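One structure is given below, encoded as structure tokens.
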Amino acid sequence: MLTLFRNIIFTNIGRAVLMTVCMLTVSGSAMAQERKEQNKPYIDLRPLHFGILVGMHLQDVEFDNVGPQMIVADDGTQSMETIVCDADKWNPGFSVGVLAEARLGAHLAARFSPTMHFGAKHLRFLNLTKTDATGKMLQTTQDLKNTYISLPVDLKFSAQRFNNYRPYIIAGINPMINLTGKSQDYVRLKRFDTMIEVGLGCDFYLPFFKLIPELKFCYGLSNCLDTKHGDELKDVNLRSYAKSVSSAHSKMIVLTFYFE
């Protein structure tokens, strides 16, 4: 089921990219095309307008591993271990939110779109020092569940409208609040993070509303790893896993559909 969901997301993202690129290409030769009757011709002249959004996203995280580390057991004995941590796949999730957009000019707008992202990151830990009964290196995994409140502020630059479509690009900053995180997870992320985001989309003017598919890429600017978490773990055997990484940066690919 998860594989099917992931395939659906990648298919929709591919279609959105192809559709937006086609719109950008067509807009360049718009003057050579026949003009048609416009739906909602004055909708973009409003100084402020609102909408809702739903979408899908993929989550990932980049870790910096510390390499060999000295492990001190409860009895005081010391040993050297090397544990590698990695997010081994992009995990799909669901997004929902609202939109407020302010008109700054004929082609420029400022946008605020508070959103909730429900998803997870799948982590894999590989102990390069210890082996199991079959001689393979010890391996364990963690599903790092995330519920984010996202508060992005973007600038939207739109091309000239032609007929009932109008392509655009966006860029902005995205503060995020992480509402989840178990106290005894191997790795825990900080409560707050900040991402930079860029994207592209297209306004489609339908008879009764405006539909806006958009694809954007988000990357964390700061270290989102809770580096104090390892010292708070009750199970001393988990501390070597928690301290196997020194920093982390979150990444997201978000496919959104806005309705205005």
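Ordered as shown in the structure tokens, chains take letters A, B, and onward, while each chain numbers its residues from 1 and ligands are numbered from 1 in the order shown.
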
Which residues come within 12 Å of Cys85 of chain A, counting only C-alpha atoms, excluding same-chain residues fewer than 6 positions away, as a short mmCIF file (atom, residue, chain, number, x, y, z; two decimals) with N, CA and C atoms, in the first residue's frame?
data_model
loop_
_atom_site.label_atom_id
_atom_site.label_comp_id
_atom_site.auth_asym_id
_atom_site.auth_seq_id
_atom_site.Cartn_x
_atom_site.Cartn_y
_atom_site.Cartn_z
N VAL A 61 15.61 13.68 5.48
CA VAL A 61 16.50 14.41 6.37
C VAL A 61 17.93 13.99 6.09
N GLU A 62 18.85 14.95 6.10
CA GLU A 62 20.27 14.70 5.91
C GLU A 62 20.98 14.72 7.26
N PHE A 63 21.76 13.66 7.56
CA PHE A 63 22.49 13.57 8.81
C PHE A 63 23.99 13.70 8.57
N ASP A 64 24.68 14.28 9.54
CA ASP A 64 26.14 14.26 9.60
C ASP A 64 26.53 13.27 10.70
N ASN A 65 27.17 12.16 10.31
CA ASN A 65 27.56 11.14 11.27
C ASN A 65 28.88 11.50 11.94
N VAL A 66 29.00 11.14 13.21
CA VAL A 66 30.21 11.50 13.97
C VAL A 66 31.34 10.51 13.75
N GLY A 67 31.06 9.30 13.27
CA GLY A 67 32.09 8.29 13.08
C GLY A 67 32.35 7.51 14.37
N HIS A 122 11.83 7.87 7.83
CA HIS A 122 12.26 6.51 8.16
C HIS A 122 13.78 6.49 8.28
N LEU A 123 14.29 6.16 9.48
CA LEU A 123 15.72 6.17 9.75
C LEU A 123 16.25 4.74 9.88
N ARG A 124 17.48 4.55 9.42
CA ARG A 124 18.15 3.26 9.56
C ARG A 124 19.49 3.46 10.23
N PHE A 125 19.74 2.67 11.27
CA PHE A 125 21.01 2.71 12.01
C PHE A 125 21.78 1.43 11.71
N LEU A 126 23.03 1.56 11.34
CA LEU A 126 23.88 0.42 11.03
C LEU A 126 25.12 0.46 11.92
N ASN A 127 25.24 -0.54 12.80
CA ASN A 127 26.40 -0.64 13.69
C ASN A 127 27.52 -1.37 12.96
N LEU A 128 28.58 -0.62 12.61
CA LEU A 128 29.68 -1.20 11.85
C LEU A 128 30.66 -1.99 12.71
N GLN A 139 21.61 -3.95 12.69
CA GLN A 139 20.84 -2.91 12.03
C GLN A 139 19.53 -2.72 12.75
N THR A 140 19.12 -1.47 12.93
CA THR A 140 17.83 -1.16 13.53
C THR A 140 17.24 0.04 12.81
N THR A 141 15.93 0.22 12.92
CA THR A 141 15.24 1.30 12.23
C THR A 141 14.37 2.09 13.20
N GLN A 142 13.99 3.27 12.76
CA GLN A 142 13.10 4.13 13.55
C GLN A 142 12.19 4.91 12.60
N TYR A 186 15.32 6.98 19.30
CA TYR A 186 16.77 7.01 19.11
C TYR A 186 17.23 8.44 18.83
N VAL A 187 16.56 9.06 17.89
CA VAL A 187 16.89 10.43 17.48
C VAL A 187 15.63 11.27 17.60
N SER A 240 24.28 5.49 22.36
CA SER A 240 25.25 5.44 21.27
C SER A 240 24.59 5.71 19.92
N TYR A 241 23.31 5.32 19.78
CA TYR A 241 22.58 5.60 18.54
C TYR A 241 22.22 7.08 18.46
N ALA A 242 21.76 7.63 19.58
CA ALA A 242 21.37 9.04 19.60
C ALA A 242 22.56 9.96 19.34
N LYS A 243 23.75 9.55 19.80
CA LYS A 243 24.94 10.38 19.65
C LYS A 243 25.75 10.03 18.41
N SER A 244 25.22 9.19 17.54
CA SER A 244 25.94 8.80 16.33
C SER A 244 25.89 9.89 15.26
N VAL A 245 25.01 10.88 15.43
CA VAL A 245 24.90 11.98 14.47
C VAL A 245 25.10 13.31 15.20
N SER A 246 25.68 14.27 14.48
CA SER A 246 25.98 15.57 15.09
C SER A 246 25.05 16.67 14.62
N SER A 247 24.44 16.52 13.45
CA SER A 247 23.54 17.55 12.94
C SER A 247 22.59 16.93 11.92
N ALA A 248 21.53 17.65 11.63
CA ALA A 248 20.52 17.17 10.68
C ALA A 248 19.86 18.36 9.99
#

When you look at segment 44-47 of chain A with a cut-off of 9 Å (counting only C-alpha atoms), what residues show up, excluding the ones that are within fewer than 5 positions of it in the same chain? I need them as a PyMOL selection string. chain A and resi 101-104+106

May I ask which of the residues A:Ser150, A:Asn237, A:Gln59, A:Ser250 is the closest one to Leu225 of chain A, counting only C-alpha atoms? A:Ser250

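Nearest-residue note for Lys251 of chain A: choosing from A:Thr194, A:Asn164, A:Thr77, A:Thr115, the minimum distance belongs to A:Thr194, counting only C-alpha atoms.
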
Do a neighbour search on segment 88-93 of chain A at 8 Å with only C-alpha atoms, toss out local chain neighbours closer than 3 positions, and write the hits as a compact mmCIF listing (two decimals) with N, CA, C and O atoms, in the first residue's frame.
# COMPACT_ATOMS: atom_id res chain seq x y z
N PHE A 5 1.10 4.27 -2.78
CA PHE A 5 0.93 5.68 -2.43
C PHE A 5 2.11 6.50 -2.93
O PHE A 5 1.95 7.59 -3.48
N ARG A 6 3.33 5.95 -2.74
CA ARG A 6 4.53 6.67 -3.18
C ARG A 6 4.54 6.82 -4.69
O ARG A 6 4.90 7.86 -5.23
N ILE A 9 2.23 9.60 -5.70
CA ILE A 9 2.80 10.92 -5.43
C ILE A 9 3.79 11.31 -6.51
O ILE A 9 3.77 12.41 -7.06
N MET A 56 0.07 16.75 -1.04
CA MET A 56 0.88 15.62 -0.62
C MET A 56 2.33 16.08 -0.57
O MET A 56 2.73 17.04 -1.23
N HIS A 57 3.13 15.40 0.22
CA HIS A 57 4.54 15.76 0.32
C HIS A 57 5.40 14.54 0.57
O HIS A 57 4.90 13.47 0.95
N LEU A 58 6.69 14.70 0.36
CA LEU A 58 7.69 13.69 0.67
C LEU A 58 8.69 14.30 1.64
O LEU A 58 9.17 15.42 1.43
N GLN A 59 9.01 13.57 2.72
CA GLN A 59 9.94 14.04 3.74
C GLN A 59 11.25 13.27 3.69
O GLN A 59 11.28 12.07 3.40
N ASP A 60 12.34 13.98 3.98
CA ASP A 60 13.66 13.37 4.07
C ASP A 60 14.48 14.20 5.05
O ASP A 60 14.08 15.31 5.44
N HIS A 117 1.44 19.62 8.10
CA HIS A 117 2.00 18.49 7.36
C HIS A 117 2.02 17.27 8.27
O HIS A 117 2.64 17.29 9.35
N PHE A 118 1.37 16.20 7.85
CA PHE A 118 1.35 14.95 8.61
C PHE A 118 2.19 13.92 7.86
O PHE A 118 1.89 13.58 6.71
N GLY A 119 3.25 13.43 8.50
CA GLY A 119 4.12 12.48 7.82
C GLY A 119 5.13 11.88 8.78
O GLY A 119 4.96 11.90 10.01
N ALA A 120 6.20 11.33 8.21
CA ALA A 120 7.23 10.67 9.01
C ALA A 120 8.52 10.58 8.20
O ALA A 120 8.52 10.72 6.98
N LYS A 121 9.61 10.34 8.92
CA LYS A 121 10.91 10.06 8.30
C LYS A 121 11.36 8.68 8.75
O LYS A 121 11.27 8.35 9.94
N HIS A 122 11.83 7.87 7.83
CA HIS A 122 12.26 6.51 8.16
C HIS A 122 13.78 6.49 8.28
O HIS A 122 14.50 6.77 7.32
N LEU A 123 14.29 6.16 9.48
CA LEU A 123 15.72 6.17 9.75
C LEU A 123 16.25 4.74 9.88
O LEU A 123 15.57 3.86 10.41
N ARG A 124 17.48 4.55 9.42
CA ARG A 124 18.15 3.26 9.56
C ARG A 124 19.49 3.46 10.23
O ARG A 124 20.28 4.33 9.84

Quick one: of A:Met116, A:Val72, A:Ile43, A:Ala109, who's nearest to Ala171 of chain A, counting only C-alpha atoms? A:Ala109

Within 9 Å of Phe112 of chain A, counting only C-alpha atoms, which residues qualify if same-chain residues fewer than 6 places away don't, as a VMD selection string? chain A and resid 98 to 102 151 to 154

Write out, as a compact mmCIF listing (two decimals), in the first residue's frame, the residues just selected, with all heavy atoms.
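Produced file part.txt, reproduced below:
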# COMPACT_ATOMS: atom_id res chain seq x y z
N VAL A 98 -4.62 26.79 4.82
CA VAL A 98 -5.37 27.93 4.29
C VAL A 98 -4.40 28.89 3.62
O VAL A 98 -3.18 28.80 3.81
CB VAL A 98 -6.17 28.65 5.40
CG1 VAL A 98 -7.24 27.74 5.97
CG2 VAL A 98 -5.23 29.12 6.51
N LEU A 99 -4.96 29.84 2.86
CA LEU A 99 -4.14 30.75 2.06
C LEU A 99 -4.66 32.18 2.19
O LEU A 99 -5.87 32.41 2.17
CB LEU A 99 -4.18 30.32 0.59
CG LEU A 99 -3.65 31.31 -0.45
CD1 LEU A 99 -2.13 31.44 -0.33
CD2 LEU A 99 -4.03 30.90 -1.86
N ALA A 100 -3.71 33.11 2.32
CA ALA A 100 -4.01 34.54 2.23
C ALA A 100 -2.97 35.16 1.30
O ALA A 100 -1.77 34.97 1.49
CB ALA A 100 -3.97 35.20 3.60
N GLU A 101 -3.44 35.90 0.29
CA GLU A 101 -2.54 36.47 -0.70
C GLU A 101 -2.84 37.96 -0.88
O GLU A 101 -4.00 38.35 -1.05
CB GLU A 101 -2.67 35.73 -2.03
CG GLU A 101 -1.67 36.19 -3.08
CD GLU A 101 -1.69 35.30 -4.31
OE1 GLU A 101 -1.51 34.07 -4.16
OE2 GLU A 101 -1.91 35.84 -5.43
N ALA A 102 -1.80 38.79 -0.83
CA ALA A 102 -1.93 40.24 -0.99
C ALA A 102 -1.30 40.66 -2.31
O ALA A 102 -0.16 40.29 -2.61
CB ALA A 102 -1.28 40.97 0.18
N LEU A 151 4.48 27.79 8.53
CA LEU A 151 4.03 29.18 8.43
C LEU A 151 4.82 29.91 7.33
O LEU A 151 5.54 30.88 7.59
CB LEU A 151 4.20 29.91 9.77
CG LEU A 151 3.50 29.26 10.97
CD1 LEU A 151 3.95 29.92 12.27
CD2 LEU A 151 1.98 29.36 10.81
N PRO A 152 4.70 29.47 6.08
CA PRO A 152 5.52 30.05 5.01
C PRO A 152 5.06 31.44 4.58
O PRO A 152 3.86 31.72 4.49
CB PRO A 152 5.36 29.05 3.87
CG PRO A 152 4.02 28.44 4.11
CD PRO A 152 3.84 28.39 5.60
N VAL A 153 6.04 32.29 4.32
CA VAL A 153 5.80 33.62 3.74
C VAL A 153 6.57 33.66 2.42
O VAL A 153 7.80 33.54 2.41
CB VAL A 153 6.25 34.74 4.67
CG1 VAL A 153 6.02 36.10 4.01
CG2 VAL A 153 5.51 34.66 6.00
N ASP A 154 5.86 33.82 1.30
CA ASP A 154 6.47 33.72 -0.03
C ASP A 154 6.17 34.96 -0.86
O ASP A 154 5.14 35.63 -0.67
CB ASP A 154 5.94 32.49 -0.77
CG ASP A 154 6.24 31.19 -0.06
OD1 ASP A 154 7.43 30.93 0.19
OD2 ASP A 154 5.29 30.45 0.25

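Compared by their closest atoms to His249 of chain A, and using only C-alpha atoms, the residues A:Leu211, A:Leu233, A:Ala87, A:Met137 rank with A:Ala87 nearest.
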
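Of the residues under consideration (A:Met252, A:Met80, A:Cys202, A:Ile170), A:Met252 shows the shortest atom-to-atom contact distance to Tyr148 of chain A when counting only C-alpha atoms.
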
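Of the listed residues (A:Tyr168, A:Phe209, A:Phe217, A:Tyr42), A:Phe209 comes nearest to Glu260 of chain A; the distances count only C-alpha atoms.
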